[in-house]
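Structure data follow from protein29.json (JSON, C-alpha atoms):
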```
[["chain", "number", "residue", "atom", "x", "y", "z"],
["A", 1, "MET", "CA", 119.52, 244.20, 95.88],
["A", 2, "ASN", "CA", 122.31, 246.53, 96.94],
["A", 3, "ASP", "CA", 122.49, 250.23, 96.07],
["A", 4, "GLU", "CA", 124.64, 249.64, 93.01],
["A", 5, "GLN", "CA", 122.18, 247.10, 91.61],
["A", 6, "LEU", "CA", 119.25, 249.40, 92.31],
["A", 7, "LEU", "CA", 121.00, 252.07, 90.27],
["A", 8, "ARG", "CA", 122.02, 249.69, 87.47],
["A", 9, "TYR", "CA", 118.47, 248.43, 86.95],
["A", 10, "SER", "CA", 116.67, 251.65, 87.96],
["A", 11, "ARG", "CA", 115.16, 252.28, 84.51],
["A", 12, "GLN", "CA", 113.52, 248.85, 84.60],
["A", 13, "ILE", "CA", 112.52, 248.96, 88.24],
["A", 14, "MET", "CA", 110.68, 252.25, 87.71],
["A", 15, "LEU", "CA", 108.30, 250.46, 85.33],
["A", 16, "PRO", "CA", 105.23, 249.54, 87.42],
["A", 17, "GLU", "CA", 104.87, 246.26, 85.54],
["A", 18, "ILE", "CA", 108.36, 245.23, 86.71],
["A", 19, "ASP", "CA", 109.19, 247.03, 89.97],
["A", 20, "ALA", "CA", 111.70, 245.50, 92.41],
["A", 21, "GLU", "CA", 109.75, 242.23, 92.50],
["A", 22, "GLY", "CA", 110.16, 241.67, 88.78],
["A", 23, "GLN", "CA", 113.85, 242.51, 88.93],
["A", 24, "GLU", "CA", 114.31, 239.97, 91.71],
["A", 25, "LYS", "CA", 112.65, 237.33, 89.52],
["A", 26, "LEU", "CA", 115.17, 238.08, 86.77],
["A", 27, "ALA", "CA", 118.04, 237.82, 89.25],
["A", 28, "LYS", "CA", 116.90, 234.36, 90.36],
["A", 29, "ALA", "CA", 116.37, 233.01, 86.83],
["A", 30, "GLN", "CA", 118.53, 230.71, 84.73],
["A", 31, "VAL", "CA", 118.39, 231.06, 80.95],
["A", 32, "MET", "CA", 120.11, 228.75, 78.49],
["A", 33, "ILE", "CA", 121.12, 230.15, 75.09],
["A", 34, "ILE", "CA", 121.76, 227.59, 72.34],
["A", 35, "GLY", "CA", 124.07, 229.21, 69.78],
["A", 36, "ILE", "CA", 126.18, 232.31, 70.37],
["A", 37, "GLY", "CA", 126.07, 233.59, 66.81],
["A", 38, "GLY", "CA", 124.07, 236.53, 65.49],
["A", 39, "LEU", "CA", 120.83, 235.89, 67.37],
["A", 40, "GLY", "CA", 122.54, 234.56, 70.49],
["A", 41, "SER", "CA", 124.87, 237.56, 70.62],
["A", 42, "ALA", "CA", 122.06, 240.11, 70.74],
["A", 43, "ALA", "CA", 119.93, 238.02, 73.09],
["A", 44, "SER", "CA", 122.82, 237.40, 75.49],
["A", 45, "VAL", "CA", 123.81, 241.07, 75.65],
["A", 46, "TYR", "CA", 120.33, 242.27, 76.59],
["A", 47, "LEU", "CA", 119.67, 239.40, 78.98],
["A", 48, "ALA", "CA", 122.94, 240.06, 80.80],
["A", 49, "ALA", "CA", 122.40, 243.82, 80.81],
["A", 50, "GLY", "CA", 118.82, 243.36, 81.99],
["A", 51, "GLY", "CA", 119.85, 241.38, 85.06],
["A", 52, "ILE", "CA", 119.29, 237.68, 84.36],
["A", 53, "GLY", "CA", 120.99, 235.93, 87.26],
["A", 54, "GLN", "CA", 122.43, 232.93, 85.43],
["A", 55, "LEU", "CA", 123.22, 232.47, 81.76],
["A", 56, "VAL", "CA", 124.23, 229.13, 80.28],
["A", 57, "LEU", "CA", 125.96, 229.65, 76.92],
["A", 58, "VAL", "CA", 126.11, 226.68, 74.55],
["A", 59, "ASP", "CA", 128.22, 226.68, 71.38],
["A", 60, "TYR", "CA", 131.12, 224.56, 70.14],
["A", 61, "ASP", "CA", 132.21, 226.87, 67.31],
["A", 62, "LYS", "CA", 135.13, 229.31, 67.24],
["A", 63, "VAL", "CA", 134.98, 232.99, 66.30],
["A", 64, "ASP", "CA", 135.75, 233.61, 62.63],
["A", 65, "LEU", "CA", 136.42, 236.97, 60.98],
["A", 66, "SER", "CA", 133.27, 236.53, 58.86],
["A", 67, "ASN", "CA", 131.18, 236.31, 62.07],
["A", 68, "LEU", "CA", 131.98, 239.85, 63.18],
["A", 69, "GLN", "CA", 129.62, 241.50, 60.67],
["A", 70, "ARG", "CA", 126.66, 240.42, 62.80],
["A", 71, "GLN", "CA", 127.78, 238.58, 65.97],
["A", 72, "ILE", "CA", 128.16, 241.63, 68.19],
["A", 73, "VAL", "CA", 129.24, 239.87, 71.38],
["A", 74, "HIS", "CA", 132.57, 238.99, 69.70],
["A", 75, "THR", "CA", 135.32, 241.43, 68.70],
["A", 76, "THR", "CA", 138.30, 241.31, 66.33],
["A", 77, "PRO", "CA", 140.81, 240.13, 68.99],
["A", 78, "ASP", "CA", 138.47, 237.19, 69.70],
["A", 79, "VAL", "CA", 139.02, 235.57, 66.29],
["A", 80, "GLY", "CA", 140.06, 231.98, 66.91],
["A", 81, "LYS", "CA", 138.60, 231.81, 70.42],
["A", 82, "LEU", "CA", 135.70, 229.58, 71.35],
["A", 83, "LYS", "CA", 132.53, 231.63, 71.04],
["A", 84, "VAL", "CA", 131.39, 230.74, 74.54],
["A", 85, "GLU", "CA", 134.69, 232.01, 75.97],
["A", 86, "SER", "CA", 134.57, 235.22, 73.94],
["A", 87, "ALA", "CA", 130.95, 235.87, 74.90],
["A", 88, "SER", "CA", 131.55, 235.07, 78.56],
["A", 89, "GLU", "CA", 134.39, 237.60, 78.75],
["A", 90, "TYR", "CA", 132.29, 240.32, 77.09],
["A", 91, "LEU", "CA", 129.19, 239.72, 79.20],
["A", 92, "SER", "CA", 131.16, 239.53, 82.46],
["A", 93, "VAL", "CA", 132.56, 242.98, 81.81],
["A", 94, "LEU", "CA", 129.12, 244.27, 80.81],
["A", 95, "ASN", "CA", 127.50, 243.00, 84.01],
["A", 96, "PRO", "CA", 129.59, 241.32, 86.74],
["A", 97, "ASP", "CA", 126.38, 240.40, 88.61],
["A", 98, "VAL", "CA", 125.54, 237.70, 86.06],
["A", 99, "HIS", "CA", 126.81, 234.17, 86.71],
["A", 100, "ILE", "CA", 127.86, 232.62, 83.39],
["A", 101, "THR", "CA", 128.31, 228.92, 82.62],
["A", 102, "THR", "CA", 129.77, 227.83, 79.29],
["A", 103, "ILE", "CA", 129.30, 224.56, 77.41],
["A", 104, "ASP", "CA", 131.70, 224.18, 74.48],
["A", 105, "HIS", "CA", 130.38, 220.97, 72.95],
["A", 106, "LYS", "CA", 127.20, 219.83, 71.25],
["A", 107, "LEU", "CA", 124.51, 218.76, 73.68],
["A", 108, "HIS", "CA", 122.49, 215.65, 72.91],
["A", 109, "GLY", "CA", 120.67, 212.82, 74.61],
["A", 110, "LYS", "CA", 120.56, 212.72, 78.39],
["A", 111, "GLU", "CA", 122.91, 215.69, 78.79],
["A", 112, "LEU", "CA", 120.63, 217.92, 76.70],
["A", 113, "LEU", "CA", 117.62, 216.85, 78.73],
["A", 114, "GLU", "CA", 119.40, 217.53, 82.00],
["A", 115, "GLU", "CA", 120.64, 220.97, 80.97],
["A", 116, "VAL", "CA", 117.21, 222.00, 79.69],
["A", 117, "SER", "CA", 115.61, 220.79, 82.93],
["A", 118, "ARG", "CA", 117.74, 223.27, 84.91],
["A", 119, "ALA", "CA", 116.70, 226.28, 82.80],
["A", 120, "ASP", "CA", 113.71, 228.51, 83.42],
["A", 121, "VAL", "CA", 113.67, 229.44, 79.73],
["A", 122, "VAL", "CA", 115.64, 228.21, 76.70],
["A", 123, "VAL", "CA", 116.62, 230.51, 73.83],
["A", 124, "ASP", "CA", 117.09, 228.69, 70.54],
["A", 125, "ALA", "CA", 119.48, 230.83, 68.54],
["A", 126, "SER", "CA", 120.84, 227.97, 66.43],
["A", 127, "ASP", "CA", 120.97, 227.95, 62.64],
["A", 128, "ASN", "CA", 119.87, 224.44, 61.65],
["A", 129, "PHE", "CA", 116.75, 222.30, 61.87],
["A", 130, "SER", "CA", 118.35, 219.27, 63.50],
["A", 131, "THR", "CA", 119.40, 221.35, 66.52],
["A", 132, "ARG", "CA", 116.06, 223.15, 66.67],
["A", 133, "PHE", "CA", 114.14, 219.87, 66.64],
["A", 134, "ALA", "CA", 116.37, 218.36, 69.34],
["A", 135, "VAL", "CA", 116.09, 221.42, 71.58],
["A", 136, "ASN", "CA", 112.33, 221.53, 71.06],
["A", 137, "ALA", "CA", 112.01, 217.85, 72.00],
["A", 138, "ALA", "CA", 113.98, 218.42, 75.22],
["A", 139, "CYS", "CA", 111.82, 221.44, 76.07],
["A", 140, "VAL", "CA", 108.63, 219.47, 75.44],
["A", 141, "ARG", "CA", 109.90, 216.67, 77.68],
["A", 142, "ASN", "CA", 110.79, 219.10, 80.49],
["A", 143, "ARG", "CA", 107.91, 221.54, 79.93],
["A", 144, "THR", "CA", 110.46, 224.31, 79.61],
["A", 145, "PRO", "CA", 109.44, 227.50, 77.75],
["A", 146, "LEU", "CA", 111.29, 227.92, 74.46],
["A", 147, "VAL", "CA", 111.93, 231.21, 72.63],
["A", 148, "SER", "CA", 112.94, 230.44, 69.06],
["A", 149, "GLY", "CA", 114.19, 232.79, 66.36],
["A", 150, "ALA", "CA", 115.59, 232.51, 62.85],
["A", 151, "ALA", "CA", 116.91, 234.98, 60.27],
["A", 152, "ILE", "CA", 118.30, 234.71, 56.77],
["A", 153, "ARG", "CA", 118.84, 237.18, 53.93],
["A", 154, "PHE", "CA", 116.26, 239.93, 54.73],
["A", 155, "GLU", "CA", 113.62, 237.69, 56.37],
["A", 156, "ALA", "CA", 113.19, 236.63, 59.98],
["A", 157, "GLN", "CA", 110.77, 235.00, 62.37],
["A", 158, "VAL", "CA", 110.39, 234.60, 66.13],
["A", 159, "SER", "CA", 107.93, 232.84, 68.41],
["A", 160, "VAL", "CA", 107.42, 231.59, 71.97],
["A", 161, "TYR", "CA", 106.56, 227.98, 72.74],
["A", 162, "ASN", "CA", 105.35, 228.11, 76.34],
["A", 163, "LEU", "CA", 105.46, 224.37, 76.96],
["A", 164, "VAL", "CA", 104.34, 224.77, 80.58],
["A", 165, "ASN", "CA", 100.91, 225.24, 78.99],
["A", 166, "ASP", "CA", 99.38, 222.02, 77.60],
["A", 167, "ASN", "CA", 97.57, 224.02, 74.92],
["A", 168, "SER", "CA", 100.69, 225.75, 73.59],
["A", 169, "PRO", "CA", 102.03, 224.59, 70.22],
["A", 170, "CYS", "CA", 105.65, 223.45, 70.00],
["A", 171, "TYR", "CA", 108.22, 224.09, 67.28],
["A", 172, "ARG", "CA", 107.33, 220.82, 65.55],
["A", 173, "CYS", "CA", 103.70, 221.97, 65.28],
["A", 174, "LEU", "CA", 105.08, 224.63, 62.93],
["A", 175, "TYR", "CA", 107.62, 222.46, 61.11],
["A", 176, "GLY", "CA", 106.31, 218.92, 61.15],
["A", 177, "SER", "CA", 108.83, 217.38, 58.78],
["A", 178, "GLU", "CA", 112.45, 216.73, 59.61],
["A", 179, "SER", "CA", 113.16, 216.65, 55.87],
["A", 180, "GLU", "CA", 113.20, 220.45, 55.63],
["A", 181, "LEU", "CA", 116.21, 221.79, 53.78],
["A", 182, "ASP", "CA", 118.53, 223.65, 56.13],
["A", 183, "GLN", "CA", 119.40, 227.17, 55.09],
["A", 184, "SER", "CA", 122.14, 229.08, 56.86],
["A", 185, "CYS", "CA", 123.65, 232.55, 56.82],
["A", 186, "THR", "CA", 126.89, 230.96, 55.61],
["A", 187, "ALA", "CA", 125.27, 229.68, 52.44],
["A", 188, "ASN", "CA", 122.70, 232.41, 51.83],
["A", 189, "GLY", "CA", 123.86, 235.57, 53.60],
["A", 190, "VAL", "CA", 122.05, 237.90, 55.98],
["A", 191, "ILE", "CA", 121.94, 241.66, 56.63],
["A", 192, "ALA", "CA", 123.62, 242.42, 59.94],
["A", 193, "PRO", "CA", 120.97, 244.39, 61.91],
["A", 194, "LEU", "CA", 118.30, 241.74, 61.27],
["A", 195, "LEU", "CA", 119.96, 239.40, 63.81],
["A", 196, "GLY", "CA", 120.02, 242.19, 66.37],
["A", 197, "ILE", "CA", 116.32, 242.93, 65.90],
["A", 198, "ILE", "CA", 115.22, 239.32, 66.34],
["A", 199, "GLY", "CA", 117.73, 238.51, 69.10],
["A", 200, "SER", "CA", 116.51, 241.54, 71.04],
["A", 201, "ILE", "CA", 112.91, 240.40, 70.68],
["A", 202, "GLN", "CA", 113.94, 236.98, 71.98],
["A", 203, "ALA", "CA", 115.51, 238.61, 75.04],
["A", 204, "CYS", "CA", 112.39, 240.70, 75.67],
["A", 205, "GLU", "CA", 110.14, 237.63, 75.45],
["A", 206, "VAL", "CA", 112.40, 235.72, 77.85],
["A", 207, "MET", "CA", 112.18, 238.50, 80.41],
["A", 208, "LYS", "CA", 108.39, 238.73, 80.07],
["A", 209, "LEU", "CA", 108.08, 234.97, 80.60],
["A", 210, "ILE", "CA", 110.24, 235.06, 83.72],
["A", 211, "MET", "CA", 108.41, 238.01, 85.23],
["A", 212, "GLY", "CA", 104.97, 236.83, 84.13],
["A", 213, "ILE", "CA", 104.05, 240.12, 82.48],
["A", 214, "GLY", "CA", 102.41, 241.17, 79.23],
["A", 215, "ASN", "CA", 101.39, 238.98, 76.31],
["A", 216, "THR", "CA", 104.15, 236.86, 74.81],
["A", 217, "LEU", "CA", 104.34, 235.47, 71.29],
["A", 218, "GLU", "CA", 102.90, 232.16, 72.46],
["A", 219, "GLY", "CA", 100.62, 230.87, 69.71],
["A", 220, "ARG", "CA", 101.86, 233.51, 67.27],
["A", 221, "LEU", "CA", 104.65, 233.60, 64.71],
["A", 222, "LEU", "CA", 106.05, 237.10, 64.20],
["A", 223, "LEU", "CA", 107.52, 237.59, 60.72],
["A", 224, "LEU", "CA", 109.70, 240.45, 59.48],
["A", 225, "ASP", "CA", 110.51, 241.40, 55.89],
["A", 226, "ALA", "CA", 113.37, 243.86, 56.34],
["A", 227, "MET", "CA", 113.41, 244.88, 52.66],
["A", 228, "SER", "CA", 109.96, 246.44, 52.98],
["A", 229, "MET", "CA", 110.21, 246.76, 56.80],
["A", 230, "GLU", "CA", 106.86, 245.09, 57.21],
["A", 231, "TRP", "CA", 105.78, 242.93, 60.13],
["A", 232, "HIS", "CA", 103.24, 240.14, 59.82],
["A", 233, "THR", "CA", 101.76, 237.85, 62.45],
["A", 234, "ALA", "CA", 100.56, 234.31, 61.81],
["A", 235, "LYS", "CA", 98.48, 232.37, 64.32],
["A", 236, "LEU", "CA", 99.97, 229.08, 65.51],
["A", 237, "ASN", "CA", 97.68, 226.34, 66.75],
["A", 238, "LYS", "CA", 98.69, 223.20, 68.60],
["A", 239, "ASP", "CA", 98.70, 220.22, 66.26],
["A", 240, "PRO", "CA", 96.96, 217.29, 68.01],
["A", 241, "ASN", "CA", 98.90, 214.95, 65.71],
["A", 242, "CYS", "CA", 102.26, 216.62, 66.30],
["A", 243, "PRO", "CA", 104.99, 213.93, 66.51],
["A", 244, "GLU", "CA", 106.52, 215.80, 69.46],
["A", 245, "CYS", "CA", 103.82, 217.30, 71.66],
["A", 246, "GLY", "CA", 100.68, 215.46, 70.52],
["A", 247, "LYS", "CA", 98.84, 213.77, 73.39],
["A", 248, "ASN", "CA", 99.61, 210.31, 72.05],
["A", 249, "ASP", "CA", 103.25, 211.09, 71.35],
["A", 250, "LEU", "CA", 104.71, 212.53, 74.56],
["A", 251, "ASN", "CA", 106.55, 209.28, 75.26],
["A", 252, "GLU", "CA", 107.94, 209.39, 71.74],
["A", 253, "ALA", "CA", 109.05, 212.99, 72.34],
["A", 254, "SER", "CA", 110.94, 211.84, 75.39],
["A", 255, "HIS", "CA", 112.62, 209.17, 73.29],
["A", 256, "HIS", "CA", 113.62, 211.65, 70.54],
["A", 257, "ALA", "CA", 115.13, 214.06, 73.05],
["A", 258, "ALA", "CA", 117.15, 211.30, 74.69],
["A", 259, "THR", "CA", 118.62, 209.82, 71.51]]
```
Represent the structure from my file as C-alpha cells, please.
Amino acid sequence: MNDEQLLRYSRQIMLPEIDAEGQEKLAKAQVMIIGIGGLGSAASVYLAAGGIGQLVLVDYDKVDLSNLQRQIVHTTPDVGKLKVESASEYLSVLNPDVHITTIDHKLHGKELLEEVSRADVVVDASDNFSTRFAVNAACVRNRTPLVSGAAIRFEAQVSVYNLVNDNSPCYRCLYGSESELDQSCTANGVIAPLLGIIGSIQACEVMKLIMGIGNTLEGRLLLLDAMSMEWHTAKLNKDPNCPECGKNDLNEASHHAAT
C-alpha cells in the first residue's frame, strides 16, 4: 500500500484484528453484488469505502425516481440510467482504488456459474425468490460464500451461507419450497433506513469472511423488527434432505444452477 492508501484505511488498519495484513486481503478480494437496489446500494458503498479490490455489480434495471427514497448509491440526475452505471460512477468517485466491473443483464445458466466462480464472496441483494434460489445454487456448486439479506415494510433478515464449509446450511435449507410467494418493496413498501441497516451488515459480514476474523452469521438468521427495534436470532441447521446442498443432491444443484 502507498502512503495515500495507508491514510485512507488508517482507521481500519489500526484495529489489531485487521492490521495491514487484513487490509491487503480486502484489496486482493473480488466481491459480486447481485442487485444494486436498497440493500446493494448500502453494501456497495461500504465495501468500496472499506477497500475491496474488485467489485462486480449485477443489475439490469434502470434508476427510477421512486428508487431514490432508499437506494442511496443513486442520485436524482441518475434517473433513467442503468443502475450499474450510476453505481459505478458514484463508487469510483468515492474510492478510485476499487476496480469495478458492471453486468447489465440477468445472469443465468453457465454464465452465472462462471461469474460466481470468480468471486471470493457473493452478496445477494435481490428482491425475489427465483433470483435468490438461482444465486444460491451457483454458490453451492462453486462453494462460494453467500451473504444474503432481505427487507420489506419494517422487517428484515440477514444471514451468511459459508458454502466452503460442508456443514454450513444454504439458502434452500431455510426456504425449501420454490412456491413461496414473492413479496417486493414495490408491492408492499419499505422504510428507507432499514435497507441501509441490513446492507451495512452484509458488507461487514463480507469483510469478516475475506479477512477470516470474528464470528459471522453462518448458521444463524438475524431478524430485525424496526417498529419495535428488536433483534432476534434464529439458529439455522443444514438440512440433510435439502434439494440444493444435501449430500445426495449436489449433482442436482449443479443442474439447477446451470439451467
Padded axis-aligned box of range 25-30 of chain A (3 Å per side), centre and edge lengths, Å, one decimal, as JSON:
```
{"center_x": 115.6, "center_y": 234.4, "center_z": 87.5, "size_x": 11.9, "size_y": 13.4, "size_z": 11.6}
```
request  = Would you be able to write out as an MDAnalysis selection string which residues have an atom within 10 Å of (116.7, 231.2, 63.2) in the file's coordinates, counting all atoms listed in the file?
outcome  = chainID A and resid 38:40 124:129 132 148:152 155:158 183:185 195 198:199
For this session: Excluding Leu26 in chain A and any residue of its chain fewer than 3 positions from it, enumerate the residues within 7 Å of it, using only C-alpha atoms, and give them as a list in words.
Result: Gly22, Gln23, Ala29, Gly51, Ile52, Gly53, Ile210 and Met211 of chain A
Checklist entry - If you measure from CA of Asn136 in chain A to CA of Gly219 in chain A, what distance in Å do you get, rounded to one decimal? => result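 Computing the Euclidean distance for CA of Asn136 in chain A and CA of Gly219 in chain A yields 15.0 Å.
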message = Using Å and a single decimal, report how far CA of Gly50 in chain A sits from CA of Val98 in chain A.
response =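 A separation of 9.7 Å between them.
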Open item on the list: Between CA of Lys208 in chain A and CA of Asp225 in chain A, what distance in Å does the model show, to one decimal?
Closed with: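 So the answer is 24.4 Å.
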Between A:Leu163, A:Cys204, A:Ala138, A:Val116, which is the closest to Val56 in chain A once you count only C-alpha atoms?
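Going through A:Leu163, A:Cys204, A:Ala138, A:Val116 one by one, the smallest distance to Val56 in chain A is for A:Val116.
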Against range 65-80 of chain A, which residues of range 144-247 of chain A fall within 8 Å? For each one I want the closest pair of atoms and the distance in Å (one decimal), counting only C-alpha atoms, rows by chain and increasing residue number, as CSV.
```
residue,atom,partner,partner_atom,distance
A:Ile191,CA,A:Arg70,CA,7.9
A:Ala192,CA,A:Arg70,CA,4.6
A:Pro193,CA,A:Arg70,CA,7.0
A:Leu195,CA,A:Arg70,CA,6.9
A:Gly196,CA,A:Arg70,CA,7.7
```
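For Val123 in chain A, the residues within 7 Å (counting all atoms listed in the file, excluding itself and residues fewer than 5 positions away along the chain) are Met32, Ile33, Ile34, Leu146, Val147 and Ser148 of chain A.
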